file work37.tsv (TSV, N, CA and C atoms)
chain	number	residue	atom	x	y	z
A	1	MET	N	111.72	102.39	60.58
A	1	MET	CA	111.38	103.51	61.43
A	1	MET	C	111.42	103.09	62.91
A	2	PHE	N	111.00	101.89	63.23
A	2	PHE	CA	111.04	101.42	64.60
A	2	PHE	C	112.03	100.27	64.71
A	3	ALA	N	112.62	100.13	65.88
A	3	ALA	CA	113.52	99.00	66.12
A	3	ALA	C	112.71	97.71	66.17
A	4	ASP	N	113.35	96.61	65.78
A	4	ASP	CA	112.68	95.32	65.86
A	4	ASP	C	112.37	95.00	67.32
A	5	ALA	N	111.23	94.46	67.54
A	5	ALA	CA	110.82	94.06	68.88
A	5	ALA	C	110.15	92.70	68.80
A	6	LYS	N	110.32	91.93	69.85
A	6	LYS	CA	109.64	90.65	69.88
A	6	LYS	C	109.16	90.38	71.30
A	7	ALA	N	108.09	89.67	71.38
A	7	ALA	CA	107.53	89.31	72.67
A	7	ALA	C	108.28	88.09	73.21
A	8	LEU	N	108.51	88.10	74.51
A	8	LEU	CA	109.16	86.98	75.16
A	8	LEU	C	108.16	86.27	76.05
A	9	SER	N	108.28	84.96	76.13
A	9	SER	CA	107.45	84.24	77.09
A	9	SER	C	107.96	84.56	78.49
A	10	LYS	N	107.15	84.31	79.46
A	10	LYS	CA	107.53	84.55	80.85
A	10	LYS	C	108.80	83.77	81.20
A	11	THR	N	108.88	82.53	80.75
A	11	THR	CA	110.04	81.69	81.01
A	11	THR	C	111.30	82.25	80.35
A	12	THR	N	111.17	82.68	79.10
A	12	THR	CA	112.32	83.23	78.37
A	12	THR	C	112.79	84.54	79.01
A	13	LEU	N	111.87	85.38	79.43
A	13	LEU	CA	112.22	86.63	80.09
A	13	LEU	C	112.98	86.36	81.39
A	14	ARG	N	112.45	85.46	82.21
A	14	ARG	CA	113.11	85.12	83.48
A	14	ARG	C	114.51	84.56	83.23
A	15	ARG	N	114.65	83.71	82.23
A	15	ARG	CA	115.95	83.11	81.91
A	15	ARG	C	116.93	84.20	81.47
A	16	ALA	N	116.48	85.12	80.62
A	16	ALA	CA	117.35	86.20	80.13
A	16	ALA	C	117.82	87.09	81.27
A	17	ILE	N	116.95	87.39	82.20
A	17	ILE	CA	117.31	88.21	83.36
A	17	ILE	C	118.38	87.50	84.19
A	18	CYS	N	118.19	86.22	84.45
A	18	CYS	CA	119.14	85.44	85.25
A	18	CYS	C	120.48	85.28	84.53
A	19	GLU	N	120.44	85.04	83.23
A	19	GLU	CA	121.68	84.89	82.45
A	19	GLU	C	122.47	86.20	82.37
A	20	ALA	N	121.80	87.31	82.57
A	20	ALA	CA	122.47	88.62	82.54
A	20	ALA	C	123.09	88.95	83.89
A	21	GLY	N	123.00	88.04	84.87
A	21	GLY	CA	123.64	88.26	86.16
A	21	GLY	C	122.74	88.84	87.23
A	22	PHE	N	121.44	88.75	87.02
A	22	PHE	CA	120.50	89.28	88.00
A	22	PHE	C	119.71	88.15	88.64
A	23	GLU	N	119.15	88.43	89.81
A	23	GLU	CA	118.22	87.50	90.43
A	23	GLU	C	116.88	88.21	90.55
A	24	ILE	N	115.82	87.47	90.38
A	24	ILE	CA	114.49	88.05	90.43
A	24	ILE	C	114.06	88.13	91.89
A	25	ALA	N	113.80	89.36	92.34
A	25	ALA	CA	113.42	89.59	93.73
A	25	ALA	C	111.91	89.46	93.91
A	26	ASP	N	111.16	89.89	92.91
A	26	ASP	CA	109.70	89.82	93.01
A	26	ASP	C	109.12	89.93	91.61
A	27	GLU	N	107.94	89.42	91.45
A	27	GLU	CA	107.26	89.48	90.16
A	27	GLU	C	105.76	89.50	90.43
A	28	ARG	N	105.08	90.43	89.79
A	28	ARG	CA	103.63	90.56	89.96
A	28	ARG	C	102.99	90.98	88.66
A	29	VAL	N	101.71	90.76	88.58
A	29	VAL	CA	100.92	91.24	87.45
A	29	VAL	C	99.89	92.21	88.01
A	30	PHE	N	99.89	93.42	87.48
A	30	PHE	CA	98.92	94.42	87.89
A	30	PHE	C	97.91	94.58	86.76
A	31	GLY	N	96.69	94.73	87.09
A	31	GLY	CA	95.66	94.88	86.08
A	31	GLY	C	95.21	93.53	85.56
A	32	SER	N	94.62	93.56	84.39
A	32	SER	CA	94.00	92.34	83.87
A	32	SER	C	94.82	91.65	82.79
A	33	ASN	N	96.02	92.17	82.47
A	33	ASN	CA	96.83	91.57	81.41
A	33	ASN	C	97.92	90.68	82.01
A	34	PRO	N	97.72	89.37	82.01
A	34	PRO	CA	98.72	88.46	82.59
A	34	PRO	C	99.99	88.38	81.77
A	35	HIS	N	99.99	88.96	80.57
A	35	HIS	CA	101.15	88.92	79.70
A	35	HIS	C	102.06	90.14	79.88
A	36	ALA	N	101.79	90.94	80.90
A	36	ALA	CA	102.61	92.14	81.16
A	36	ALA	C	103.07	92.11	82.63
A	37	PRO	N	103.99	91.19	82.95
A	37	PRO	CA	104.44	91.12	84.34
A	37	PRO	C	105.34	92.29	84.71
A	38	TYR	N	105.31	92.66	85.95
A	38	TYR	CA	106.20	93.67	86.53
A	38	TYR	C	107.26	92.89	87.27
A	39	VAL	N	108.51	92.98	86.85
A	39	VAL	CA	109.58	92.18	87.42
A	39	VAL	C	110.58	93.10	88.12
A	40	VAL	N	110.93	92.76	89.35
A	40	VAL	CA	111.95	93.47	90.10
A	40	VAL	C	113.15	92.53	90.21
A	41	ALA	N	114.29	92.99	89.72
A	41	ALA	CA	115.50	92.16	89.76
A	41	ALA	C	116.65	92.98	90.32
A	42	ARG	N	117.62	92.29	90.88
A	42	ARG	CA	118.82	92.97	91.39
A	42	ARG	C	120.04	92.14	91.02
A	43	LYS	N	121.18	92.81	90.96
A	43	LYS	CA	122.41	92.11	90.64
A	43	LYS	C	122.68	91.08	91.72
A	44	ARG	N	123.16	89.92	91.32
A	44	ARG	CA	123.50	88.90	92.31
A	44	ARG	C	124.57	89.44	93.23
A	45	GLY	N	124.43	89.15	94.50
A	45	GLY	CA	125.40	89.60	95.49
A	45	GLY	C	125.08	90.94	96.12
A	46	GLU	N	124.13	91.67	95.57
A	46	GLU	CA	123.75	92.96	96.16
A	46	GLU	C	122.95	92.68	97.43
A	47	ARG	N	123.23	93.46	98.46
A	47	ARG	CA	122.49	93.23	99.70
A	47	ARG	C	121.14	93.94	99.63
A	48	GLN	N	120.17	93.35	100.30
A	48	GLN	CA	118.84	93.95	100.35
A	48	GLN	C	118.83	95.09	101.34
A	49	LEU	N	118.03	96.11	101.06
A	49	LEU	CA	117.88	97.21	102.00
A	49	LEU	C	117.03	96.75	103.18
A	50	ALA	N	117.35	97.26	104.36
A	50	ALA	CA	116.56	96.96	105.55
A	50	ALA	C	115.22	97.68	105.43
A	51	GLU	N	114.24	97.23	106.18
A	51	GLU	CA	112.92	97.84	106.18
A	51	GLU	C	113.05	99.33	106.47
A	52	GLY	N	112.54	100.17	105.58
A	52	GLY	CA	112.57	101.61	105.76
A	52	GLY	C	113.85	102.29	105.29
A	53	GLU	N	114.89	101.50	104.98
A	53	GLU	CA	116.16	102.08	104.52
A	53	GLU	C	116.00	102.53	103.07
A	54	LYS	N	116.64	103.62	102.73
A	54	LYS	CA	116.55	104.16	101.37
A	54	LYS	C	117.87	103.97	100.65
A	55	VAL	N	117.80	103.91	99.33
A	55	VAL	CA	119.00	103.80	98.52
A	55	VAL	C	119.91	104.98	98.85
A	56	GLY	N	121.19	104.73	99.05
A	56	GLY	CA	122.14	105.78	99.39
A	56	GLY	C	122.44	105.81	100.88
A	57	GLU	N	121.52	105.35	101.70
A	57	GLU	CA	121.75	105.31	103.14
A	57	GLU	C	122.61	104.12	103.52
A	58	ALA	N	122.66	103.11	102.67
A	58	ALA	CA	123.40	101.89	102.98
A	58	ALA	C	124.87	102.16	103.21
A	59	ASN	N	125.45	103.13	102.50
A	59	ASN	CA	126.87	103.43	102.64
A	59	ASN	C	127.13	104.73	103.38
A	60	ALA	N	126.12	105.29	104.02
A	60	ALA	CA	126.28	106.54	104.73
A	60	ALA	C	127.31	106.38	105.85
A	61	GLY	N	128.25	107.30	105.89
A	61	GLY	CA	129.26	107.27	106.94
A	61	GLY	C	130.48	106.44	106.61
A	62	SER	N	130.48	105.73	105.51
A	62	SER	CA	131.66	104.94	105.16
A	62	SER	C	132.58	105.77	104.28
A	63	THR	N	133.84	105.42	104.30
A	63	THR	CA	134.82	106.08	103.47
A	63	THR	C	134.72	105.52	102.06
A	64	PRO	N	134.80	106.37	101.03
A	64	PRO	CA	134.75	105.85	99.66
A	64	PRO	C	135.81	104.77	99.45
A	65	GLY	N	135.42	103.70	98.83
A	65	GLY	CA	136.33	102.59	98.58
A	65	GLY	C	136.34	101.54	99.66
A	66	GLU	N	135.76	101.86	100.82
A	66	GLU	CA	135.66	100.90	101.92
A	66	GLU	C	134.28	100.30	101.96
A	67	PRO	N	134.18	99.01	102.25
A	67	PRO	CA	132.84	98.42	102.36
A	67	PRO	C	132.10	98.99	103.55
A	68	ALA	N	130.79	99.06	103.43
A	68	ALA	CA	129.95	99.61	104.51
A	68	ALA	C	129.83	98.61	105.63
call {"tool": "encode", "arguments": {"input": "work37.tsv", "output": "structure tokens"}}
result
Amino acid sequence: MFADAKALSKTTLRRAICEAGFEIADERVFGSNPHAPYVVARKRGERQLAEGEKVGEANAGSTPGEPA
């Protein structure tokens, strides 16, 4: 009835994210459960948004197919 699920250690989770082509931008634990980290990752090579910049604004004004 349910898909198989397994818990990953923090190290295994981080390794899987990196092996999938992402880099970990930030990681935090909210609340009292240290086994439930909140991980923010981005594809390697993606540029970071400037302070206050929103997704979609990065390419505003550029022609499709041309780098911003």
call {"tool": "atom_distance", "arguments": {"input": "work37.tsv", "atom1": "CA of Lys6 in chain A", "atom2": "atom C of Gly31 in chain A"}}
result
21.5 Å
call {"tool": "residues_around", "arguments": {"input": "work37.tsv", "residues": "range 9-20 of chain A", "least_positions_apart": "4", "cutoff": "10 Å", "atoms": "only C-alpha atoms", "output": "PDB file with N, CA and C atoms, in the coordinates of the input"}}
result
ATOM      1  N   ILE A  24     115.820  87.470  90.380  1.00  0.00           N
ATOM      2  CA  ILE A  24     114.490  88.050  90.430  1.00  0.00           C
ATOM      3  C   ILE A  24     114.060  88.130  91.890  1.00  0.00           C
ATOM      4  N   GLU A  27     107.940  89.420  91.450  1.00  0.00           N
ATOM      5  CA  GLU A  27     107.260  89.480  90.160  1.00  0.00           C
ATOM      6  C   GLU A  27     105.760  89.500  90.430  1.00  0.00           C
ATOM      7  N   PRO A  34      97.720  89.370  82.010  1.00  0.00           N
ATOM      8  CA  PRO A  34      98.720  88.460  82.590  1.00  0.00           C
ATOM      9  C   PRO A  34      99.990  88.380  81.770  1.00  0.00           C
ATOM     10  N   HIS A  35      99.990  88.960  80.570  1.00  0.00           N
ATOM     11  CA  HIS A  35     101.150  88.920  79.700  1.00  0.00           C
ATOM     12  C   HIS A  35     102.060  90.140  79.880  1.00  0.00           C
ATOM     13  N   ALA A  36     101.790  90.940  80.900  1.00  0.00           N
ATOM     14  CA  ALA A  36     102.610  92.140  81.160  1.00  0.00           C
ATOM     15  C   ALA A  36     103.070  92.110  82.630  1.00  0.00           C
ATOM     16  N   PRO A  37     103.990  91.190  82.950  1.00  0.00           N
ATOM     17  CA  PRO A  37     104.440  91.120  84.340  1.00  0.00           C
ATOM     18  C   PRO A  37     105.340  92.290  84.710  1.00  0.00           C
ATOM     19  N   VAL A  39     108.510  92.980  86.850  1.00  0.00           N
ATOM     20  CA  VAL A  39     109.580  92.180  87.420  1.00  0.00           C
ATOM     21  C   VAL A  39     110.580  93.100  88.120  1.00  0.00           C
ATOM     22  N   ALA A  41     114.290  92.990  89.720  1.00  0.00           N
ATOM     23  CA  ALA A  41     115.500  92.160  89.760  1.00  0.00           C
ATOM     24  C   ALA A  41     116.650  92.980  90.320  1.00  0.00           C
ATOM     25  N   ARG A  42     117.620  92.290  90.880  1.00  0.00           N
ATOM     26  CA  ARG A  42     118.820  92.970  91.390  1.00  0.00           C
ATOM     27  C   ARG A  42     120.040  92.140  91.020  1.00  0.00           C
ATOM     28  N   LYS A  43     121.180  92.810  90.960  1.00  0.00           N
ATOM     29  CA  LYS A  43     122.410  92.110  90.640  1.00  0.00           C
ATOM     30  C   LYS A  43     122.680  91.080  91.720  1.00  0.00           C
ATOM     31  N   ARG A  44     123.160  89.920  91.320  1.00  0.00           N
ATOM     32  CA  ARG A  44     123.500  88.900  92.310  1.00  0.00           C
ATOM     33  C   ARG A  44     124.570  89.440  93.230  1.00  0.00           C
TER      34      ARG A  44
END
call {"tool": "closest_residue", "arguments": {"input": "work37.tsv", "among": "A:Asp26, A:Gly21, A:Met1, A:Gly52", "to": "Tyr38 in chain A", "atoms": "all atoms listed in the file"}}
result
A:Asp26
call {"tool": "atom_distance", "arguments": {"input": "work37.tsv", "atom1": "atom N of Phe22 in chain A", "atom2": "atom N of Glu51 in chain A"}}
result
22.2 Å
call {"tool": "build_atoms", "arguments": {"input": "work37.tsv", "residues": "range 32-43 of chain A", "atoms": "all heavy atoms", "output": "PDB file, keeping the file's coordinate frame"}}
result
ATOM      1  N   SER A  32      94.620  93.560  84.390  1.00  0.00           N
ATOM      2  CA  SER A  32      94.000  92.340  83.870  1.00  0.00           C
ATOM      3  C   SER A  32      94.820  91.650  82.790  1.00  0.00           C
ATOM      4  O   SER A  32      94.397  90.652  82.238  1.00  0.00           O
ATOM      5  CB  SER A  32      92.617  92.668  83.316  1.00  0.00           C
ATOM      6  OG  SER A  32      92.750  93.623  82.271  1.00  0.00           O
ATOM      7  N   ASN A  33      96.020  92.170  82.470  1.00  0.00           N
ATOM      8  CA  ASN A  33      96.830  91.570  81.410  1.00  0.00           C
ATOM      9  C   ASN A  33      97.920  90.680  82.010  1.00  0.00           C
ATOM     10  O   ASN A  33      98.958  91.168  82.438  1.00  0.00           O
ATOM     11  CB  ASN A  33      97.462  92.662  80.543  1.00  0.00           C
ATOM     12  CG  ASN A  33      98.205  92.091  79.355  1.00  0.00           C
ATOM     13  OD1 ASN A  33      98.320  90.882  79.191  1.00  0.00           O
ATOM     14  ND2 ASN A  33      98.727  92.971  78.526  1.00  0.00           N
ATOM     15  N   PRO A  34      97.720  89.370  82.010  1.00  0.00           N
ATOM     16  CA  PRO A  34      98.720  88.460  82.590  1.00  0.00           C
ATOM     17  C   PRO A  34      99.990  88.380  81.770  1.00  0.00           C
ATOM     18  O   PRO A  34     100.978  87.819  82.210  1.00  0.00           O
ATOM     19  CB  PRO A  34      97.996  87.121  82.630  1.00  0.00           C
ATOM     20  CG  PRO A  34      96.996  87.202  81.539  1.00  0.00           C
ATOM     21  CD  PRO A  34      96.574  88.641  81.469  1.00  0.00           C
ATOM     22  N   HIS A  35      99.990  88.960  80.570  1.00  0.00           N
ATOM     23  CA  HIS A  35     101.150  88.920  79.700  1.00  0.00           C
ATOM     24  C   HIS A  35     102.060  90.140  79.880  1.00  0.00           C
ATOM     25  O   HIS A  35     102.984  90.339  79.090  1.00  0.00           O
ATOM     26  CB  HIS A  35     100.724  88.803  78.241  1.00  0.00           C
ATOM     27  CG  HIS A  35      99.891  87.586  77.996  1.00  0.00           C
ATOM     28  ND1 HIS A  35     100.395  86.315  78.057  1.00  0.00           N
ATOM     29  CD2 HIS A  35      98.577  87.448  77.744  1.00  0.00           C
ATOM     30  CE1 HIS A  35      99.429  85.446  77.825  1.00  0.00           C
ATOM     31  NE2 HIS A  35      98.313  86.111  77.634  1.00  0.00           N
ATOM     32  N   ALA A  36     101.790  90.940  80.900  1.00  0.00           N
ATOM     33  CA  ALA A  36     102.610  92.140  81.160  1.00  0.00           C
ATOM     34  C   ALA A  36     103.070  92.110  82.630  1.00  0.00           C
ATOM     35  O   ALA A  36     102.622  92.910  83.440  1.00  0.00           O
ATOM     36  CB  ALA A  36     101.806  93.398  80.864  1.00  0.00           C
ATOM     37  N   PRO A  37     103.990  91.190  82.950  1.00  0.00           N
ATOM     38  CA  PRO A  37     104.440  91.120  84.340  1.00  0.00           C
ATOM     39  C   PRO A  37     105.340  92.290  84.710  1.00  0.00           C
ATOM     40  O   PRO A  37     106.027  92.859  83.856  1.00  0.00           O
ATOM     41  CB  PRO A  37     105.227  89.808  84.390  1.00  0.00           C
ATOM     42  CG  PRO A  37     105.740  89.631  83.006  1.00  0.00           C
ATOM     43  CD  PRO A  37     104.652  90.197  82.116  1.00  0.00           C
ATOM     44  N   TYR A  38     105.310  92.660  85.950  1.00  0.00           N
ATOM     45  CA  TYR A  38     106.200  93.670  86.530  1.00  0.00           C
ATOM     46  C   TYR A  38     107.260  92.890  87.270  1.00  0.00           C
ATOM     47  O   TYR A  38     106.969  92.179  88.225  1.00  0.00           O
ATOM     48  CB  TYR A  38     105.399  94.583  87.463  1.00  0.00           C
ATOM     49  CG  TYR A  38     106.205  95.682  88.087  1.00  0.00           C
ATOM     50  CD1 TYR A  38     106.451  96.864  87.401  1.00  0.00           C
ATOM     51  CD2 TYR A  38     106.712  95.543  89.371  1.00  0.00           C
ATOM     52  CE1 TYR A  38     107.179  97.886  87.984  1.00  0.00           C
ATOM     53  CE2 TYR A  38     107.453  96.557  89.953  1.00  0.00           C
ATOM     54  CZ  TYR A  38     107.679  97.712  89.255  1.00  0.00           C
ATOM     55  OH  TYR A  38     108.408  98.716  89.840  1.00  0.00           O
ATOM     56  N   VAL A  39     108.510  92.980  86.850  1.00  0.00           N
ATOM     57  CA  VAL A  39     109.580  92.180  87.420  1.00  0.00           C
ATOM     58  C   VAL A  39     110.580  93.100  88.120  1.00  0.00           C
ATOM     59  O   VAL A  39     111.027  94.088  87.546  1.00  0.00           O
ATOM     60  CB  VAL A  39     110.313  91.378  86.315  1.00  0.00           C
ATOM     61  CG1 VAL A  39     111.450  90.560  86.893  1.00  0.00           C
ATOM     62  CG2 VAL A  39     109.337  90.484  85.579  1.00  0.00           C
ATOM     63  N   VAL A  40     110.930  92.760  89.350  1.00  0.00           N
ATOM     64  CA  VAL A  40     111.950  93.470  90.100  1.00  0.00           C
ATOM     65  C   VAL A  40     113.150  92.530  90.210  1.00  0.00           C
ATOM     66  O   VAL A  40     113.020  91.412  90.702  1.00  0.00           O
ATOM     67  CB  VAL A  40     111.462  93.863  91.507  1.00  0.00           C
ATOM     68  CG1 VAL A  40     112.559  94.548  92.298  1.00  0.00           C
ATOM     69  CG2 VAL A  40     110.228  94.744  91.416  1.00  0.00           C
ATOM     70  N   ALA A  41     114.290  92.990  89.720  1.00  0.00           N
ATOM     71  CA  ALA A  41     115.500  92.160  89.760  1.00  0.00           C
ATOM     72  C   ALA A  41     116.650  92.980  90.320  1.00  0.00           C
ATOM     73  O   ALA A  41     116.644  94.208  90.270  1.00  0.00           O
ATOM     74  CB  ALA A  41     115.839  91.678  88.353  1.00  0.00           C
ATOM     75  N   ARG A  42     117.620  92.290  90.880  1.00  0.00           N
ATOM     76  CA  ARG A  42     118.820  92.970  91.390  1.00  0.00           C
ATOM     77  C   ARG A  42     120.040  92.140  91.020  1.00  0.00           C
ATOM     78  O   ARG A  42     119.932  90.937  90.802  1.00  0.00           O
ATOM     79  CB  ARG A  42     118.742  93.176  92.897  1.00  0.00           C
ATOM     80  CG  ARG A  42     118.728  91.902  93.695  1.00  0.00           C
ATOM     81  CD  ARG A  42     118.790  92.198  95.202  1.00  0.00           C
ATOM     82  NE  ARG A  42     118.374  91.018  95.911  1.00  0.00           N
ATOM     83  CZ  ARG A  42     117.170  90.808  96.403  1.00  0.00           C
ATOM     84  NH1 ARG A  42     116.242  91.719  96.287  1.00  0.00           N
ATOM     85  NH2 ARG A  42     116.870  89.696  97.021  1.00  0.00           N
ATOM     86  N   LYS A  43     121.180  92.810  90.960  1.00  0.00           N
ATOM     87  CA  LYS A  43     122.410  92.110  90.640  1.00  0.00           C
ATOM     88  C   LYS A  43     122.680  91.080  91.720  1.00  0.00           C
ATOM     89  O   LYS A  43     122.477  91.348  92.907  1.00  0.00           O
ATOM     90  CB  LYS A  43     123.585  93.086  90.562  1.00  0.00           C
ATOM     91  CG  LYS A  43     123.631  93.876  89.296  1.00  0.00           C
ATOM     92  CD  LYS A  43     124.888  94.677  89.244  1.00  0.00           C
ATOM     93  CE  LYS A  43     125.559  94.357  87.941  1.00  0.00           C
ATOM     94  NZ  LYS A  43     126.803  95.098  87.785  1.00  0.00           N
TER      95      LYS A  43
END
